[in-house]
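Novice: One structure follows; several queries about it will come next.
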Amino acid sequence: MKEVLHFLLTERDVVALTTMCLLYIMLIMLLMSVRLYSKQRSSAYVILFAGIVMMIVDRTIALMDFSLQEGTLQLLSIGRAGLVTLSFIFVNIAVLRLYKRINRPMRLRFILMIVGVPVMSGISALIAAPDQNVLTSTWPLIAYQAVIAILCYVLIAPRISQQGRYTFSLVVHLGILLTITLNITISNGTSSSLLMTQHVVTLCYYTILFFLFFERIVENLQTTYRSSITDGLTGLYNRRYMHQRMNQFIAGKPKQVSLIFCDIDNFKRLNDTKGHLFADEVLKTVAQIVREEVEDIGLAGRFGGEEIIAFIAHRKAKPPVIAESIRSRIEAEAGVTISIGYSVLRPKMSIDQLVKEADEAMYYSKQNGKNRVSCYGEIKHLLSPIKHIK
């Protein structure tokens, strides 16, 4: 008798522990969804909030000790199973909505899934026998959840970036349903070991789900940060970020720093004759070439319009060689020519001065035939007030 009592207490401990851990994870997800909705106003977080609230209600009911008649307990069990099914649907809709806007056909499919929950709950109530175990009476909803899991794999998994993790979460959820089914089939819903397994696997499922949402939030933050420091068209760093990074670097007293200033020749004429879309493609090609040439030795950024700069910060880098490589590749690969000027940082020199000198060297190239490289140190004695030529 003592051994049986000890086993029952162990079962209760496992159920209580996993339920409390589950509630904690859900509370974190709930707070995250509220916080993120206040910042982004995405319907994904509203849907996630609703799904998590449903699951919290179910878990809270599970912690309570009800002294009810068998028929009432059956109806309560069916109601909880329906709530869990709705929660599962809502959470999966939220996963999709975090990645994609839900179009009308997809919305209709999810509505049909939701409508199916009260239908299956009604069927469960109709077929429930008075002497049947409360868990056994929920099998139509369990089967319905399995169907939904398969449909979610077909409809959602191909449309999101975390396809592997999401698929694994569905497999784990199917494991929960399999455990419940075995409990119903083998012991009429009374197996303590299978009940404990069910709670542990459920905890695993929501842990995976938490990391899935957390990873997506990190992806969004990275995307937001990336968009704040890069140019939307070329993908190069924007002018503000380049200025910030260059100042940070020279504050560390580097041994050798140079700036290469590039400007596409006759870009306005290209826009006028070939159109903006063609000119944009040319600009992206030029940007890609500059990025590739300085990838391991510095940073590339879009200074403005068709102007691109390359900040070189490597003691073995040779600015004239790099500049000439950029010029020759662009002429060969982009179908346009480019005028380049560069300058080398000297003691007590600011970034603004460095940019100004490289810019002046580039305009010297413009005035003297274009499609060439000029070094500020070599031509500064030749400079006079330069009229900017595009």
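The chains in the structure tokens are called A, B, ... from first to last as shown; in each chain the residues are counted from 1, and the ligands are counted from 1 in the order shown.
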Just want the 9 Å neighbourhood of range 112-114 of chain A, counted on only C-alpha atoms, with same-chain residues fewer than 4 positions away dropped. Output as a ChimeraX atom specification.

Specialist: /A:85-86,89-90,107-108,118,148

Novice: Please list as a compact mmCIF listing (two decimals) with N, CA, C and O atoms, in the first residue's frame every residue within 12 Å of Val117 in chain A, counting only C-alpha atoms and excluding residues in the same chain fewer than 3 positions away.

Specialist:
```txt
# COMPACT_ATOMS: atom_id res chain seq x y z
N ILE A 78 -13.94 17.06 -22.29
CA ILE A 78 -14.17 17.37 -23.71
C ILE A 78 -13.94 18.85 -23.98
O ILE A 78 -13.32 19.24 -24.98
N GLY A 79 -14.42 19.69 -23.06
CA GLY A 79 -14.21 21.14 -23.20
C GLY A 79 -12.74 21.51 -23.18
O GLY A 79 -12.29 22.34 -23.98
N ARG A 80 -11.99 20.88 -22.28
CA ARG A 80 -10.55 21.14 -22.22
C ARG A 80 -9.85 20.67 -23.50
O ARG A 80 -8.97 21.37 -24.02
N ALA A 81 -10.23 19.50 -23.99
CA ALA A 81 -9.64 18.98 -25.23
C ALA A 81 -9.92 19.92 -26.41
O ALA A 81 -9.06 20.15 -27.27
N GLY A 82 -11.15 20.47 -26.44
CA GLY A 82 -11.50 21.43 -27.48
C GLY A 82 -10.68 22.70 -27.36
O GLY A 82 -10.22 23.27 -28.37
N LEU A 83 -10.45 23.13 -26.11
CA LEU A 83 -9.66 24.34 -25.87
C LEU A 83 -8.21 24.13 -26.31
O LEU A 83 -7.61 25.01 -26.94
N VAL A 84 -7.66 22.97 -26.00
CA VAL A 84 -6.29 22.64 -26.42
C VAL A 84 -6.18 22.59 -27.94
O VAL A 84 -5.19 23.06 -28.52
N THR A 85 -7.20 22.04 -28.59
CA THR A 85 -7.20 21.97 -30.06
C THR A 85 -7.24 23.36 -30.67
O THR A 85 -6.49 23.66 -31.62
N LEU A 86 -8.09 24.23 -30.13
CA LEU A 86 -8.14 25.62 -30.60
C LEU A 86 -6.80 26.31 -30.38
O LEU A 86 -6.32 27.05 -31.25
N SER A 87 -6.22 26.09 -29.21
CA SER A 87 -4.91 26.70 -28.91
C SER A 87 -3.87 26.24 -29.92
O SER A 87 -3.08 27.05 -30.42
N PHE A 88 -3.87 24.96 -30.25
CA PHE A 88 -2.92 24.41 -31.22
C PHE A 88 -3.09 25.08 -32.59
O PHE A 88 -2.10 25.44 -33.25
N ILE A 89 -4.32 25.27 -33.02
CA ILE A 89 -4.59 25.93 -34.31
C ILE A 89 -4.10 27.37 -34.28
O ILE A 89 -3.40 27.83 -35.20
N PHE A 90 -4.42 28.10 -33.22
CA PHE A 90 -4.05 29.51 -33.11
C PHE A 90 -2.52 29.68 -33.10
O PHE A 90 -1.98 30.59 -33.74
N PHE A 110 -7.97 27.97 -42.44
CA PHE A 110 -7.84 28.04 -40.98
C PHE A 110 -9.20 28.24 -40.31
O PHE A 110 -9.45 27.71 -39.22
N ILE A 111 -10.08 29.00 -40.96
CA ILE A 111 -11.43 29.18 -40.41
C ILE A 111 -12.16 27.84 -40.35
O ILE A 111 -12.84 27.52 -39.37
N LEU A 112 -12.01 27.04 -41.41
CA LEU A 112 -12.62 25.71 -41.44
C LEU A 112 -12.06 24.82 -40.33
O LEU A 112 -12.79 24.03 -39.71
N MET A 113 -10.76 24.93 -40.08
CA MET A 113 -10.15 24.18 -38.98
C MET A 113 -10.78 24.56 -37.64
O MET A 113 -11.10 23.70 -36.81
N ILE A 114 -10.94 25.87 -37.44
CA ILE A 114 -11.50 26.37 -36.17
C ILE A 114 -12.95 25.92 -36.02
O ILE A 114 -13.37 25.50 -34.94
N MET A 120 -16.32 18.63 -33.64
CA MET A 120 -15.72 17.44 -33.06
C MET A 120 -16.00 17.34 -31.56
O MET A 120 -16.15 16.23 -31.02
N SER A 121 -16.11 18.47 -30.91
CA SER A 121 -16.47 18.47 -29.48
C SER A 121 -17.88 17.93 -29.29
O SER A 121 -18.16 17.16 -28.36
N GLY A 122 -18.78 18.35 -30.19
CA GLY A 122 -20.16 17.86 -30.15
C GLY A 122 -20.23 16.36 -30.37
O GLY A 122 -20.97 15.64 -29.68
N ILE A 123 -19.44 15.87 -31.33
CA ILE A 123 -19.39 14.42 -31.60
C ILE A 123 -18.87 13.67 -30.37
O ILE A 123 -19.40 12.62 -29.98
N SER A 124 -17.85 14.24 -29.73
CA SER A 124 -17.28 13.60 -28.53
C SER A 124 -18.33 13.50 -27.42
O SER A 124 -18.43 12.48 -26.74
N THR A 138 -12.55 11.79 -25.28
CA THR A 138 -12.02 12.90 -26.10
C THR A 138 -11.35 12.41 -27.39
O THR A 138 -10.74 13.21 -28.10
N PRO A 140 -12.25 11.71 -30.47
CA PRO A 140 -12.47 12.40 -31.76
C PRO A 140 -11.64 13.69 -31.88
O PRO A 140 -11.13 14.01 -32.97
N LEU A 141 -11.49 14.42 -30.78
CA LEU A 141 -10.69 15.64 -30.80
C LEU A 141 -9.21 15.33 -30.94
O LEU A 141 -8.46 16.08 -31.57
N ILE A 142 -8.78 14.23 -30.35
CA ILE A 142 -7.38 13.81 -30.47
C ILE A 142 -7.07 13.47 -31.93
O ILE A 142 -6.05 13.89 -32.49
N ALA A 143 -7.98 12.73 -32.57
CA ALA A 143 -7.81 12.39 -33.99
C ALA A 143 -7.82 13.65 -34.85
O ALA A 143 -7.04 13.78 -35.82
N TYR A 144 -8.68 14.61 -34.47
CA TYR A 144 -8.78 15.86 -35.23
C TYR A 144 -7.48 16.66 -35.12
O TYR A 144 -7.02 17.26 -36.09
N GLN A 145 -6.87 16.67 -33.93
CA GLN A 145 -5.58 17.36 -33.75
C GLN A 145 -4.51 16.74 -34.64
O GLN A 145 -3.66 17.46 -35.18
N VAL A 147 -4.94 15.28 -37.52
CA VAL A 147 -5.22 15.74 -38.89
C VAL A 147 -4.73 17.17 -39.08
O VAL A 147 -4.11 17.51 -40.10
N ILE A 148 -4.98 18.03 -38.08
CA ILE A 148 -4.56 19.43 -38.15
C ILE A 148 -3.04 19.52 -38.21
O ILE A 148 -2.48 20.33 -38.97
```

Novice: Could you give me, as a PyMOL selection string, each residue of range 63-194 of chain A that DSSP assigns to alpha helix (DSSP H) when run on this structure's backbone?

Specialist: chain A and resi 63+70-99+104-127+139-155+163-187+192-194

Novice: So which residues touch Cys21 in chain A within 12 Å, counting only C-alpha atoms, skipping near sequence neighbours fewer than 6 positions away, as a list in words?

Specialist: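 Near neighbours after the sequence-gap exclusion: Val14, Val15, Leu27, Ile28, Ile56, Arg59, His199, Val200, Thr202, Leu203, Cys204, Tyr206 and Thr207 of chain A.
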
Novice: May I have the residues within 7 Å of range 171-186 of chain A as a list of chain:residue names, using only C-alpha atoms and disregarding those fewer than 4 positions away in the same chain?

Specialist: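 Everything that qualifies: A:Leu135, A:Thr136, A:Ile142, A:Ala146, A:Thr167, A:Thr190, A:Ser191, A:Leu194, A:Gln198, A:Val201, A:Thr202, A:Tyr205.
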
Novice: Looking only at the backbone, which of the residues in range 249-291 of chain A does DSSP tag as strand (DSSP E or B), as an MDAnalysis selection string?

Specialist: chainID A and resid 258:264

Novice: How would the residues just picked look written out with N, CA and C atoms as a short mmCIF file (atom, residue, chain, number, x, y, z; two decimals), in the first residue's frame?

Specialist:
```
data_model
loop_
_atom_site.label_atom_id
_atom_site.label_comp_id
_atom_site.auth_asym_id
_atom_site.auth_seq_id
_atom_site.Cartn_x
_atom_site.Cartn_y
_atom_site.Cartn_z
N SER A 258 43.05 54.06 -45.54
CA SER A 258 42.85 54.82 -46.77
C SER A 258 41.38 54.79 -47.15
N LEU A 259 40.99 55.71 -48.00
CA LEU A 259 39.61 55.77 -48.46
C LEU A 259 39.59 55.86 -49.98
N ILE A 260 38.80 54.98 -50.59
CA ILE A 260 38.63 54.97 -52.04
C ILE A 260 37.23 55.50 -52.36
N PHE A 261 37.17 56.53 -53.20
CA PHE A 261 35.91 57.18 -53.54
C PHE A 261 35.60 56.90 -55.01
N CYS A 262 34.44 56.26 -55.25
CA CYS A 262 34.07 55.85 -56.61
C CYS A 262 32.80 56.57 -57.06
N ASP A 263 32.75 56.90 -58.34
CA ASP A 263 31.55 57.52 -58.90
C ASP A 263 31.36 56.98 -60.33
N ILE A 264 30.19 56.45 -60.61
CA ILE A 264 29.91 55.88 -61.93
C ILE A 264 29.84 56.99 -62.96
#
```
